[in-house]
$ cat structure-v2.cif   # mmCIF, C-alpha atoms and all ligand atoms
data_coords
#
loop_
_atom_site.label_atom_id
_atom_site.label_comp_id
_atom_site.auth_asym_id
_atom_site.auth_seq_id
_atom_site.Cartn_x
_atom_site.Cartn_y
_atom_site.Cartn_z
CA MET A 1001 95.62 -60.60 206.98
CA SER A 1002 92.20 -62.02 206.33
CA ASP A 1003 90.39 -58.73 206.20
CA THR A 1004 91.98 -56.98 203.28
CA PRO A 1005 90.74 -53.68 201.93
CA LYS A 1006 89.50 -53.52 198.37
CA GLU A 1007 92.13 -52.49 195.91
CA PRO A 1008 93.48 -50.24 194.68
CA THR A 1009 93.56 -48.24 197.86
CA ALA A 1010 95.56 -45.26 198.90
CA ALA A 1011 96.66 -46.98 202.09
CA THR A 1012 98.28 -49.84 200.23
CA SER A 1013 99.94 -47.78 197.54
CA PRO A 1014 103.52 -47.07 198.59
CA ALA A 1015 103.52 -43.46 197.50
CA ALA A 1016 100.47 -42.59 199.56
CA ALA A 1017 101.52 -44.75 202.45
CA SER A 1018 104.89 -43.09 202.76
CA ALA A 1019 103.53 -39.69 203.63
CA SER A 1020 102.46 -40.40 207.17
CA ALA A 1021 104.99 -43.10 207.99
CA VAL A 1022 108.05 -40.90 208.02
CA THR A 1023 108.65 -37.39 209.17
CA THR A 1024 110.20 -35.89 206.05
CA SER A 1025 110.16 -36.86 202.44
CA ASN A 1026 113.01 -35.64 200.32
CA ASN A 1027 111.70 -32.99 198.00
CA ALA A 1028 108.79 -32.01 195.86
CA ILE A 1029 108.26 -34.42 192.96
CA GLY A 1030 108.55 -31.57 190.47
CA ASP A 1031 112.09 -30.88 191.67
CA MET A 1032 113.19 -34.47 191.41
CA ALA A 1033 111.95 -34.85 187.84
CA SER A 1034 114.18 -31.99 186.71
CA TRP A 1035 117.32 -33.37 188.33
CA ALA A 1036 120.06 -34.97 186.26
CA PRO A 1037 120.02 -38.78 186.38
CA GLN A 1038 123.06 -38.98 188.67
CA THR A 1039 121.38 -36.71 191.19
CA GLN A 1040 118.13 -38.68 191.05
CA LEU A 1041 120.02 -41.92 191.67
CA VAL A 1042 121.49 -40.53 194.88
CA HIS A 1043 118.58 -38.53 196.30
CA ALA A 1044 115.21 -39.41 194.77
CA GLY A 1045 112.78 -41.17 197.05
CA THR A 1046 114.75 -40.66 200.26
CA MET A 1047 112.52 -40.42 203.33
CA ARG A 1048 114.06 -39.63 206.70
CA SER A 1049 112.80 -40.86 210.02
CA GLN A 1050 112.70 -38.73 213.17
CA PHE A 1051 116.46 -39.41 213.58
CA CYS A 1052 117.39 -37.64 210.32
CA GLU A 1053 119.82 -40.36 209.25
CA THR A 1054 122.12 -39.71 206.26
CA SER A 1055 121.79 -43.18 204.77
CA GLU A 1056 118.30 -44.54 204.15
CA ALA A 1057 116.94 -46.61 207.02
CA LEU A 1058 116.30 -50.33 206.73
CA PHE A 1059 112.79 -51.02 208.04
CA LEU A 1060 112.88 -54.75 208.74
CA THR A 1061 109.30 -55.08 209.81
CA GLN A 1062 106.42 -57.27 208.68
CA GLY A 1063 103.71 -55.05 210.07
CA TYR A 1064 102.83 -51.74 211.66
CA VAL A 1065 101.02 -50.81 214.87
CA TYR A 1066 98.15 -48.35 215.07
CA ASP A 1067 97.64 -45.59 217.64
CA ASN A 1068 94.11 -46.80 218.27
CA ALA A 1069 91.31 -48.90 216.83
CA GLN A 1070 89.89 -45.98 214.90
CA GLN A 1071 93.19 -45.46 213.10
CA ALA A 1072 93.35 -49.13 212.10
CA GLU A 1073 89.80 -48.88 210.77
CA GLU A 1074 90.59 -45.70 208.83
CA ARG A 1075 93.72 -47.18 207.36
CA PHE A 1076 91.88 -50.25 206.10
CA LYS A 1077 89.21 -48.00 204.65
CA SER A 1078 92.07 -46.05 203.03
CA GLU A 1079 90.90 -42.79 204.49
CA GLU A 1080 94.31 -42.33 206.04
CA GLY A 1081 97.66 -42.99 204.33
CA GLY A 1082 100.03 -45.31 206.13
CA PHE A 1083 101.48 -48.77 206.07
CA ILE A 1084 99.42 -51.87 206.84
CA TYR A 1085 101.51 -54.92 206.05
CA SER A 1086 104.85 -55.34 204.30
CA ARG A 1087 103.43 -57.66 201.65
CA TYR A 1088 101.56 -54.55 200.42
CA ALA A 1089 104.13 -51.85 201.11
CA ASN A 1090 107.15 -51.15 203.31
CA PRO A 1091 109.03 -47.86 203.82
CA THR A 1092 112.42 -49.15 202.61
CA VAL A 1093 110.81 -50.84 199.61
CA ALA A 1094 108.85 -47.63 198.95
CA MET A 1095 112.09 -45.61 198.87
CA PHE A 1096 113.57 -48.02 196.31
CA GLU A 1097 110.38 -47.91 194.21
CA GLU A 1098 110.24 -44.13 194.32
CA ARG A 1099 113.92 -43.70 193.37
CA MET A 1100 113.42 -46.02 190.40
CA ARG A 1101 110.13 -44.38 189.46
CA VAL A 1102 111.67 -40.91 189.32
CA PHE A 1103 114.75 -42.17 187.49
CA GLU A 1104 112.69 -44.02 184.86
CA GLY A 1105 110.19 -41.16 184.55
CA ALA A 1106 107.26 -43.53 185.20
CA GLN A 1107 104.02 -42.75 187.02
CA ALA A 1108 104.23 -45.74 189.37
CA ALA A 1109 106.49 -48.65 190.31
CA ARG A 1110 106.36 -51.84 192.37
CA GLY A 1111 109.32 -53.85 193.62
CA THR A 1112 109.30 -57.65 193.46
CA ALA A 1113 111.27 -60.54 194.94
CA SER A 1114 113.20 -61.22 191.72
CA GLY A 1115 113.36 -60.23 188.09
CA MET A 1116 111.22 -63.23 187.21
CA ALA A 1117 108.57 -62.19 189.73
CA ALA A 1118 108.54 -58.81 187.96
CA VAL A 1119 108.21 -60.36 184.49
CA THR A 1120 105.55 -62.88 185.53
CA ALA A 1121 103.44 -60.25 187.27
CA ALA A 1122 103.87 -57.68 184.50
CA VAL A 1123 102.85 -60.13 181.78
CA LEU A 1124 100.04 -61.96 183.59
CA CYS A 1125 98.40 -59.27 185.74
CA GLY A 1126 96.22 -57.90 182.96
CA LEU A 1127 95.53 -61.13 181.04
CA LYS A 1128 92.66 -63.60 181.03
CA THR A 1129 91.78 -66.81 179.22
CA GLY A 1130 91.34 -66.22 175.49
CA ASP A 1131 93.87 -63.38 175.27
CA HIS A 1132 96.92 -63.48 173.02
CA VAL A 1133 100.56 -62.57 173.75
CA VAL A 1134 103.23 -61.81 171.18
CA SER A 1135 106.87 -61.92 172.24
CA ALA A 1136 110.31 -61.92 170.73
CA ARG A 1137 111.67 -65.45 170.52
CA ALA A 1138 115.08 -64.48 171.92
CA LEU A 1139 114.06 -64.22 175.55
CA PHE A 1140 115.76 -64.98 178.86
CA GLY A 1141 115.07 -68.70 179.47
CA SER A 1142 112.55 -68.27 182.29
CA CYS A 1143 110.74 -65.48 180.40
CA ARG A 1144 110.38 -67.91 177.54
CA TYR A 1145 108.84 -70.42 179.97
CA VAL A 1146 106.23 -67.83 181.05
CA VAL A 1147 105.21 -67.00 177.48
CA GLU A 1148 105.62 -70.38 175.80
CA ASP A 1149 104.66 -72.87 178.55
CA LEU A 1150 102.74 -71.09 181.30
CA CYS A 1151 100.41 -68.79 179.36
CA PRO A 1152 98.97 -71.57 177.13
CA ARG A 1153 98.14 -73.67 180.21
CA PHE A 1154 95.67 -70.94 181.20
CA GLY A 1155 94.20 -70.55 177.72
CA ILE A 1156 96.35 -67.55 176.80
CA SER A 1157 97.80 -68.18 173.36
CA SER A 1158 101.25 -66.93 172.43
CA THR A 1159 103.25 -66.27 169.30
CA MET A 1160 107.02 -65.80 169.25
CA VAL A 1161 108.71 -63.80 166.51
CA HIS A 1162 112.23 -62.91 165.41
CA GLY A 1163 112.69 -59.61 167.27
CA PRO A 1164 114.52 -57.60 164.58
CA ASP A 1165 111.91 -58.52 161.91
CA LEU A 1166 109.21 -55.82 161.89
CA ASP A 1167 107.12 -57.69 159.32
CA ALA A 1168 107.00 -60.68 161.67
CA TRP A 1169 105.65 -58.45 164.46
CA LYS A 1170 103.09 -56.97 162.06
CA ALA A 1171 101.90 -60.44 161.04
CA ALA A 1172 101.76 -61.79 164.61
CA ILE A 1173 99.92 -58.91 166.32
CA THR A 1174 96.15 -59.43 165.98
CA PRO A 1175 93.09 -57.60 167.35
CA ASN A 1176 93.10 -60.15 170.18
CA THR A 1177 96.71 -59.40 171.21
CA LYS A 1178 96.74 -57.93 174.71
CA VAL A 1179 100.44 -58.03 175.60
CA VAL A 1180 103.54 -57.52 173.48
CA PHE A 1181 106.71 -58.48 175.33
CA PHE A 1182 110.40 -58.37 174.43
CA GLU A 1183 113.88 -57.68 175.70
CA THR A 1184 116.27 -55.49 173.77
CA PRO A 1185 119.19 -56.08 173.50
CA SER A 1186 118.46 -59.78 173.76
CA ASN A 1187 120.37 -62.39 175.71
CA PRO A 1188 122.92 -63.56 174.58
CA THR A 1189 123.10 -62.52 170.92
CA LEU A 1190 122.26 -58.83 171.43
CA ASP A 1191 119.47 -58.69 168.83
CA LEU A 1192 117.59 -55.42 168.99
CA VAL A 1193 113.87 -54.77 168.78
CA ASP A 1194 112.72 -51.38 167.47
CA ILE A 1195 110.83 -50.21 170.55
CA GLU A 1196 109.11 -47.29 168.81
CA ALA A 1197 107.97 -49.24 165.75
CA VAL A 1198 106.73 -52.31 167.67
CA SER A 1199 104.95 -50.08 170.20
CA LYS A 1200 103.05 -48.40 167.35
CA LEU A 1201 101.96 -51.77 165.95
CA ALA A 1202 100.88 -52.94 169.42
CA HIS A 1203 99.02 -49.74 170.25
CA ALA A 1204 97.06 -49.97 167.01
CA VAL A 1205 95.25 -52.97 168.55
CA GLY A 1206 95.30 -51.63 172.12
CA ALA A 1207 97.95 -54.07 173.41
CA THR A 1208 100.23 -53.28 176.36
CA VAL A 1209 103.93 -53.14 175.46
CA ILE A 1210 106.21 -54.59 178.14
CA VAL A 1211 109.99 -54.21 177.75
CA ASP A 1212 112.53 -56.20 179.76
CA ASN A 1213 115.25 -53.53 179.93
CA VAL A 1214 117.85 -55.50 181.90
CA PHE A 1215 120.63 -55.57 179.31
CA ALA A 1216 120.45 -51.87 178.45
CA THR A 1217 119.87 -50.73 182.05
CA PRO A 1218 117.84 -47.57 182.73
CA MET A 1219 121.08 -45.64 182.13
CA LEU A 1220 121.26 -46.45 178.42
CA GLN A 1221 117.69 -46.93 177.19
CA ARG A 1222 114.34 -45.34 178.05
CA PRO A 1223 111.64 -47.62 176.61
CA MET A 1224 108.76 -45.45 177.87
CA ALA A 1225 110.08 -42.40 176.02
CA LEU A 1226 109.94 -44.55 172.86
CA GLY A 1227 106.35 -45.67 173.42
CA ALA A 1228 106.53 -48.71 175.71
CA ASP A 1229 103.87 -48.93 178.43
CA VAL A 1230 105.66 -51.03 181.03
CA VAL A 1231 109.33 -51.59 181.85
CA VAL A 1232 110.65 -54.48 183.95
CA TYR A 1233 114.04 -55.08 185.51
CA SER A 1234 115.85 -57.86 187.21
CA ALA A 1235 117.40 -55.60 189.88
CA THR A 1236 119.60 -58.62 190.63
CA LYS A 1237 121.74 -57.46 187.72
CA HIS A 1238 123.13 -53.91 187.38
CA ILE A 1239 120.88 -52.30 189.99
CA ASP A 1240 122.40 -54.29 192.84
CA GLY A 1241 125.42 -54.72 190.59
CA GLN A 1242 127.53 -56.33 193.28
CA GLY A 1243 126.19 -59.88 193.27
CA ARG A 1244 124.46 -59.76 196.64
CA CYS A 1245 120.74 -60.31 196.32
CA LEU A 1246 117.75 -60.92 194.09
CA GLY A 1247 115.12 -58.33 193.29
CA GLY A 1248 112.99 -56.89 190.53
CA ILE A 1249 110.83 -53.95 189.67
CA VAL A 1250 107.93 -53.13 187.32
CA LEU A 1251 107.26 -49.56 186.19
CA GLY A 1252 104.23 -48.25 184.34
CA SER A 1253 101.26 -45.92 184.36
CA LYS A 1254 99.35 -45.29 187.57
CA ALA A 1255 96.28 -46.97 186.06
CA TYR A 1256 98.22 -50.12 185.11
CA VAL A 1257 99.87 -50.35 188.53
CA ASP A 1258 96.76 -49.54 190.57
CA ASP A 1259 94.26 -51.58 188.56
CA HIS A 1260 96.33 -54.62 187.59
CA LEU A 1261 99.84 -54.91 188.99
CA HIS A 1262 99.35 -53.89 192.61
CA PRO A 1263 96.40 -56.22 193.31
CA PHE A 1264 98.21 -59.09 191.57
CA LEU A 1265 101.39 -58.64 193.62
CA LYS A 1266 99.58 -57.88 196.85
CA HIS A 1267 97.46 -61.02 196.71
CA THR A 1268 99.95 -63.45 195.17
CA GLY A 1269 102.82 -62.27 197.37
CA PRO A 1270 106.19 -62.12 195.52
CA SER A 1271 107.13 -59.10 197.65
CA LEU A 1272 110.56 -57.53 197.68
CA SER A 1273 112.31 -58.06 201.02
CA PRO A 1274 113.05 -54.75 202.79
CA PHE A 1275 116.66 -55.89 203.21
CA ASN A 1276 117.06 -56.53 199.50
CA ALA A 1277 115.32 -53.24 198.70
CA TRP A 1278 117.82 -51.46 200.93
CA VAL A 1279 120.76 -53.12 199.12
CA MET A 1280 119.23 -52.12 195.75
CA LEU A 1281 118.62 -48.57 196.96
CA LYS A 1282 122.29 -48.23 197.85
CA GLY A 1283 123.21 -49.94 194.57
CA LEU A 1284 121.32 -47.27 192.64
CA GLU A 1285 123.54 -44.56 194.14
CA THR A 1286 126.54 -45.90 192.19
CA LEU A 1287 124.66 -47.15 189.11
CA SER A 1288 125.72 -44.37 186.74
CA VAL A 1289 129.37 -44.52 187.80
CA ARG A 1290 129.47 -48.30 187.45
CA VAL A 1291 127.58 -48.58 184.16
CA ASN A 1292 129.54 -45.75 182.51
CA ALA A 1293 132.87 -47.29 183.52
CA GLN A 1294 131.78 -50.76 182.43
CA CYS A 1295 130.56 -49.47 179.04
CA ALA A 1296 133.82 -47.61 178.41
CA SER A 1297 135.77 -50.75 179.21
CA ALA A 1298 133.47 -52.97 177.12
CA ALA A 1299 133.85 -50.72 174.06
CA VAL A 1300 137.65 -51.07 174.22
CA LEU A 1301 137.50 -54.83 174.82
CA ALA A 1302 135.01 -55.42 171.99
CA ASP A 1303 137.44 -53.82 169.51
CA GLN A 1304 140.41 -55.75 170.90
CA LEU A 1305 138.52 -59.04 170.72
CA ALA A 1306 137.34 -58.31 167.15
CA ALA A 1307 140.99 -57.89 166.10
CA HIS A 1308 142.07 -61.17 167.71
CA GLY A 1309 142.92 -64.03 165.38
CA GLU A 1310 141.20 -66.75 167.45
CA ILE A 1311 137.81 -65.03 167.38
CA ALA A 1312 135.33 -65.60 164.56
CA ARG A 1313 132.96 -62.74 165.34
CA VAL A 1314 132.14 -60.18 168.00
CA LEU A 1315 128.68 -58.85 168.78
CA TYR A 1316 128.58 -55.55 170.64
CA CYS A 1317 125.85 -52.93 170.45
CA GLY A 1318 128.39 -50.09 170.32
CA ARG A 1319 130.26 -51.38 167.26
CA GLU A 1320 129.60 -50.26 163.69
CA ASP A 1321 129.47 -53.90 162.56
CA HIS A 1322 126.55 -54.76 164.87
CA PRO A 1323 123.81 -55.98 162.47
CA GLN A 1324 121.49 -53.24 163.78
CA ALA A 1325 124.03 -50.50 164.50
CA ALA A 1326 121.70 -47.73 163.33
CA LEU A 1327 118.90 -48.86 165.63
CA ALA A 1328 121.36 -49.19 168.51
CA LYS A 1329 122.35 -45.55 168.00
CA LYS A 1330 118.72 -44.48 167.76
CA GLN A 1331 117.41 -46.07 170.93
CA MET A 1332 120.45 -46.63 173.16
CA SER A 1333 122.80 -43.98 174.54
CA GLY A 1334 125.71 -46.41 174.91
CA GLY A 1335 126.90 -49.82 173.77
CA GLY A 1336 126.31 -51.54 177.09
CA GLN A 1337 128.57 -53.79 179.09
CA ILE A 1338 127.77 -57.14 177.48
CA ILE A 1339 129.89 -58.53 174.65
CA ALA A 1340 129.09 -61.78 172.84
CA PHE A 1341 131.84 -63.44 170.84
CA GLU A 1342 132.40 -66.66 169.03
CA LEU A 1343 135.59 -68.70 169.11
CA LYS A 1344 136.75 -70.37 165.92
CA GLY A 1345 137.22 -73.77 167.57
CA GLY A 1346 133.61 -74.33 168.76
CA LYS A 1347 132.78 -75.87 172.14
CA ALA A 1348 136.22 -77.41 172.74
CA ALA A 1349 137.93 -74.06 172.22
CA ALA A 1350 135.30 -72.24 174.30
CA PHE A 1351 135.76 -74.61 177.23
CA ALA A 1352 139.58 -74.51 177.00
CA PHE A 1353 139.38 -70.70 176.94
CA LEU A 1354 137.01 -70.54 179.93
CA ASN A 1355 139.14 -72.93 181.95
CA ALA A 1356 142.29 -70.90 181.29
CA LEU A 1357 140.82 -67.59 182.48
CA GLN A 1358 142.19 -66.28 185.76
CA ILE A 1359 140.56 -62.92 186.49
CA ILE A 1360 137.28 -63.32 184.61
CA LYS A 1361 134.98 -65.74 186.43
CA ILE A 1362 132.73 -68.38 184.90
CA SER A 1363 129.20 -67.51 186.02
CA ASN A 1364 125.79 -67.15 184.42
CA ASN A 1365 125.10 -63.82 186.15
CA LEU A 1366 125.72 -60.40 184.62
CA GLY A 1367 125.86 -56.72 185.46
CA ASP A 1368 128.33 -57.30 188.29
CA THR A 1369 131.42 -55.36 189.37
CA LYS A 1370 133.30 -58.60 188.68
CA SER A 1371 133.67 -59.62 185.05
CA LEU A 1372 131.65 -62.77 184.44
CA ILE A 1373 131.57 -65.05 181.43
CA THR A 1374 129.20 -67.78 180.40
CA HIS A 1375 128.83 -70.41 177.68
CA PRO A 1376 125.12 -70.02 176.88
CA ALA A 1377 124.72 -73.24 174.86
CA THR A 1378 125.55 -75.44 177.88
CA THR A 1379 124.16 -73.24 180.69
CA THR A 1380 121.56 -70.47 180.35
CA HIS A 1381 120.22 -71.76 177.04
CA SER A 1382 120.82 -75.51 177.49
CA ARG A 1383 117.06 -76.09 177.97
CA LEU A 1384 116.42 -75.10 174.36
CA LYS A 1385 116.49 -77.74 171.65
CA ALA A 1386 119.54 -77.64 169.37
CA ASP A 1387 117.54 -76.38 166.36
CA VAL A 1388 116.05 -73.53 168.41
CA ARG A 1389 119.53 -72.57 169.64
CA GLU A 1390 120.73 -72.55 166.05
CA GLU A 1391 117.80 -70.38 164.99
CA LEU A 1392 118.74 -67.94 167.77
CA GLY A 1393 122.39 -67.86 166.74
CA ILE A 1394 123.62 -69.52 169.94
CA SER A 1395 126.45 -71.62 168.53
CA ASP A 1396 128.68 -73.96 170.53
CA GLY A 1397 131.56 -71.49 170.25
CA LEU A 1398 129.56 -68.49 171.54
CA LEU A 1399 130.47 -66.85 174.85
CA ARG A 1400 128.80 -63.97 176.70
CA LEU A 1401 131.02 -61.62 178.67
CA SER A 1402 129.66 -59.21 181.26
CA VAL A 1403 132.36 -56.59 181.71
CA GLY A 1404 133.01 -55.58 185.30
CA LEU A 1405 134.98 -52.81 186.95
CA GLU A 1406 138.48 -54.31 186.68
CA ALA A 1407 141.04 -52.43 184.53
CA SER A 1408 140.35 -53.28 180.89
CA GLU A 1409 144.10 -53.95 180.33
CA ASP A 1410 143.95 -56.73 182.91
CA LEU A 1411 140.80 -58.16 181.36
CA PHE A 1412 142.26 -58.18 177.87
CA ALA A 1413 145.54 -59.71 179.07
CA ASP A 1414 143.54 -62.43 180.82
CA MET A 1415 141.52 -63.22 177.67
CA ASP A 1416 144.57 -63.02 175.43
CA GLN A 1417 146.49 -65.59 177.48
CA ALA A 1418 143.38 -67.80 177.68
CA LEU A 1419 142.81 -67.55 173.89
CA ASN A 1420 146.41 -68.57 173.27
CA ALA A 1421 146.07 -71.45 175.71
CA ALA A 1422 142.85 -72.55 173.95
CA ALA A 1423 144.54 -72.37 170.53
CA GLN A 1424 147.31 -74.69 171.75
CA ALA A 1425 144.95 -77.16 173.39
C1 LIG A 1501 118.26 -62.27 184.95
C2 LIG A 1501 117.21 -61.87 184.03
C3 LIG A 1501 115.85 -62.03 184.36
C4 LIG A 1501 115.42 -62.70 185.64
O1 LIG A 1501 115.85 -62.04 186.78
P1 LIG A 1501 116.03 -62.76 188.22
O2 LIG A 1501 116.34 -61.62 189.12
O3 LIG A 1501 117.15 -63.74 188.06
O4 LIG A 1501 114.75 -63.43 188.54
C5 LIG A 1501 114.90 -61.61 183.44
N1 LIG A 1501 115.26 -61.04 182.27
C6 LIG A 1501 116.56 -60.87 181.91
C7 LIG A 1501 116.87 -60.25 180.61
C8 LIG A 1501 117.57 -61.26 182.78
O5 LIG A 1501 118.85 -61.10 182.41
#
$ encode --input "structure-v2.cif" --output "structure tokens" --more "lines below"
Ligand SMILES: *Cc1c(COP(=O)(O)O)cnc(C)c1O
Amino acid sequence: MSDTPKEPTAATSPAAASASAVTTSNNAIGDMASWAPQTQLVHAGTMRSQFCETSEALFLTQGYVYDNAQQAEERFKSEEGGFIYSRYANPTVAMFEERMRVFEGAQAARGTASGMAAVTAAVLCGLKTGDHVVSARALFGSCRYVVEDLCPRFGISSTMVHGPDLDAWKAAITPNTKVVFFETPSNPTLDLVDIEAVSKLAHAVGATVIVDNVFATPMLQRPMALGADVVVYSATKHIDGQGRCLGGIVLGSKAYVDDHLHPFLKHTGPSLSPFNAWVMLKGLETLSVRVNAQCASAAVLADQLAAHGEIARVLYCGREDHPQAALAKKQMSGGGQIIAFELKGGKAAAFAFLNALQIIKISNNLGDTKSLITHPATTTHSRLKADVREELGISDGLLRLSVGLEASEDLFADMDQALNAAAQA
């Protein structure tokens, strides 16, 4: 594709492109916006081909053919909607983007090859040398790399703050700050950032607020309704939710997507595979059922773990003893499915416990139907220096549990026997 049209163009924007590429779109946008979330997750964005299939079609195609030379010319001039090349837009990817867009209540959305592709594009697409980024310091490891290592190499300065500390945000945000970026709850210690308050501080200097909403999922937290400008997801987590493939998505205003994000993604190329988009699209159909069941189970398990003699402390957003319980209630509609807890015996006890587990699997992933547990200090956060880990509260006895869809009785029995085994070791 050497001869690319200037962007943004109607022909390369998925929403516009979809109109002529399929015979029927699902419903008027106004209808979809008024549907309950569960209904949106099943129906929003569906486009049917001439065969009127029940399940969304998987369009495994790189490109598209034109009826004639004039049509190709028109499409490149954007005078006619339609697909050009799957690095720009693809019907299956467009269905996934549209379902997420409606569900999140955003103006526009673009899928990406992974969560990190989404974060990198969202953060960098509007920045230039000389700009300043402020982020929470408790970030997913690769997100920290983007802010702390990558940005400065291109002359973009960055400041990291303790997410729960509003005064620290106030001090760090300057007139030159262009992007404010954080995840809430954070990984793995479940620190919260006050989305509304930090958005106000950022907007006072005209900065774009980008929230990594992976831990809360779009089921439990709506950053845009609280003032955020852009929301990013690793769809690899709860959106697929069944451990099959990588993907990501960025949601924001039409102006942000058309002017910054779309050209960045289109020309740098971290496109979402149509196959992965199809898996994610089907994953969305069960998202509310899965997340609700996982949250209910996690709430029970968090209380059981907190009452266990071998455990020093439990961090769970749905518990009254969470350090920011009031903020959790204000901006989240559920406690989530991640529990962090610390064993009394440090690393030795944590490893003995992990090795004695039978149902719960040791893995650094999360948001899966299978319960997964990780020891952050030696895996996901092992790149950080010991003093930084300490500052973030990631002790050697800390474990992060992602609660799956197994019966919570079985999960507790598994942890109870493993805790007893660890105590004897
Ligand atoms: C997993 C994760 C990412 C990165 O997503 P990938 O799909 O693995 O690239 C970013 N942010 C958070 C909070 C995550 O948990």
$ closest_residue --input "structure-v2.cif" --among "A:Val1147, A:Ala1207, A:Leu1366, A:Val1123" --to "ligand LIG 1501 (chain A)" --atoms "only C-alpha atoms and all ligand atoms"
A:Leu1366
$ residues_near_point --input "structure-v2.cif" --point "(136.5, -73.7, 172.5)" --cutoff "12 Å" --atoms "all atoms listed in the file" --output "PyMOL selection string"
chain A and resi 1310-1312+1341-1356+1375+1395-1399+1418-1425
$ atom_distance --input "structure-v2.cif" --atom1 "atom CA of A:Val1209" --atom2 "atom CA of A:His1381"
24.8 Å
$ closest_atom_pairs --input "structure-v2.cif" --of "stretch 1179-1241 of chain A" --to "stretch 1274-1296 of chain A" --cutoff "10 Å" --atoms "all atoms listed in the file" --output "CSV"
residue,atom,partner,partner_atom,distance
A:Ala1216,CA,A:Val1291,CA,9.7
A:Thr1217,CA,A:Val1291,CA,8.3
A:Pro1218,CA,A:Leu1287,CA,9.3
A:Met1219,CA,A:Ser1288,CA,6.7
A:Leu1220,CA,A:Val1291,CA,8.8
A:Ala1235,CA,A:Met1280,CA,7.1
A:Thr1236,CA,A:Met1280,CA,8.3
A:Lys1237,CA,A:Met1280,CA,10.0
A:His1238,CA,A:Leu1287,CA,7.1
A:Ile1239,CA,A:Gly1283,CA,5.7
A:Asp1240,CA,A:Gly1283,CA,4.8
A:Gly1241,CA,A:Gly1283,CA,6.6
$ closest_residue --input "structure-v2.cif" --among "A:Gln1107, A:Thr1189, A:Thr1177, A:Thr1374" --to "A:Val1205" --atoms "only C-alpha atoms"
A:Thr1177
$ closest_residue --input "structure-v2.cif" --among "A:Leu1127, A:Val1198, A:Ala1036, A:Ala1171" --to "A:Ser1157" --atoms "only C-alpha atoms"
A:Leu1127
$ closest_residue --input "structure-v2.cif" --among "A:Cys1317, A:Leu1265, A:Ala1122, A:Ala1328" --to "A:Asp1194" --atoms "only C-alpha atoms"
A:Ala1328
$ residues_around --input "structure-v2.cif" --residues "A:Val1180" --least-positions-apart "2" --cutoff "6 Å" --atoms "only C-alpha atoms" --output "PyMOL selection string"
chain A and resi 1133-1135+1209
$ atom_distance --input "structure-v2.cif" --atom1 "atom CA of A:Glu1097" --atom2 "atom CA of A:Phe1051"
22.0 Å
$ atom_distance --input "structure-v2.cif" --atom1 "atom CA of A:Pro1152" --atom2 "atom CA of A:His1132"
9.3 Å
$ closest_residue --input "structure-v2.cif" --among "A:Gln1050, A:Gly1227, A:Val1179, A:Ala1340" --to "A:Asp1191" --atoms "all atoms listed in the file"
A:Ala1340
$ closest_residue --input "structure-v2.cif" --among "A:Leu1058, A:Val1146, A:Ile1359, A:Cys1125" --to "A:Glu1409" --atoms "all atoms listed in the file"
A:Ile1359
$ residues_around --input "structure-v2.cif" --residues "A:Lys1361" --least-positions-apart "3" --cutoff "8 Å" --atoms "all atoms listed in the file" --output "count of residues only"
6
$ residues_around --input "structure-v2.cif" --residues "A:Lys1329" --least-positions-apart "2" --cutoff "12 Å" --atoms "all atoms listed in the file" --output "number ranges by chain"
A: 1192, 1194, 1220-1221, 1317-1320, 1322-1327, 1331-1336
$ residues_around --input "structure-v2.cif" --residues "A:Leu1251" --least-positions-apart "6" --cutoff "8 Å" --atoms "all atoms listed in the file" --output "list in words"
Arg1101, Glu1104, Ala1106, Gln1107, Ala1108, Ala1109, Arg1110, Val1230, Val1231, Val1232 and Val1257 of chain A
$ decode --input "structure-v2.cif" --residues "stretch 1102-1124 of chain A" --atoms "C-alpha atoms" --output "short mmCIF file (atom, residue, chain, number, x, y, z; two decimals), in the first residue's frame"
data_model
loop_
_atom_site.label_atom_id
_atom_site.label_comp_id
_atom_site.auth_asym_id
_atom_site.auth_seq_id
_atom_site.Cartn_x
_atom_site.Cartn_y
_atom_site.Cartn_z
CA VAL A 1102 -21.33 1.13 22.38
CA PHE A 1103 -20.69 -0.74 25.63
CA GLU A 1104 -18.18 1.86 26.87
CA GLY A 1105 -20.31 4.77 25.65
CA ALA A 1106 -17.38 6.22 23.68
CA GLN A 1107 -17.51 8.10 20.39
CA ALA A 1108 -14.88 5.95 18.66
CA ALA A 1109 -12.69 2.89 19.22
CA ARG A 1110 -9.76 1.12 17.58
CA GLY A 1111 -8.64 -2.46 18.20
CA THR A 1112 -4.94 -3.30 18.53
CA ALA A 1113 -2.75 -6.40 18.48
CA SER A 1114 -2.28 -6.46 22.26
CA GLY A 1115 -2.95 -4.44 25.36
CA MET A 1116 0.54 -2.98 25.14
CA ALA A 1117 -0.05 -1.89 21.55
CA ALA A 1118 -3.15 -0.09 22.84
CA VAL A 1119 -1.27 1.60 25.70
CA THR A 1120 1.71 2.60 23.55
CA ALA A 1121 -0.48 4.07 20.81
CA ALA A 1122 -2.82 5.81 23.24
CA VAL A 1123 0.04 7.45 25.14
CA LEU A 1124 2.32 8.33 22.22
#
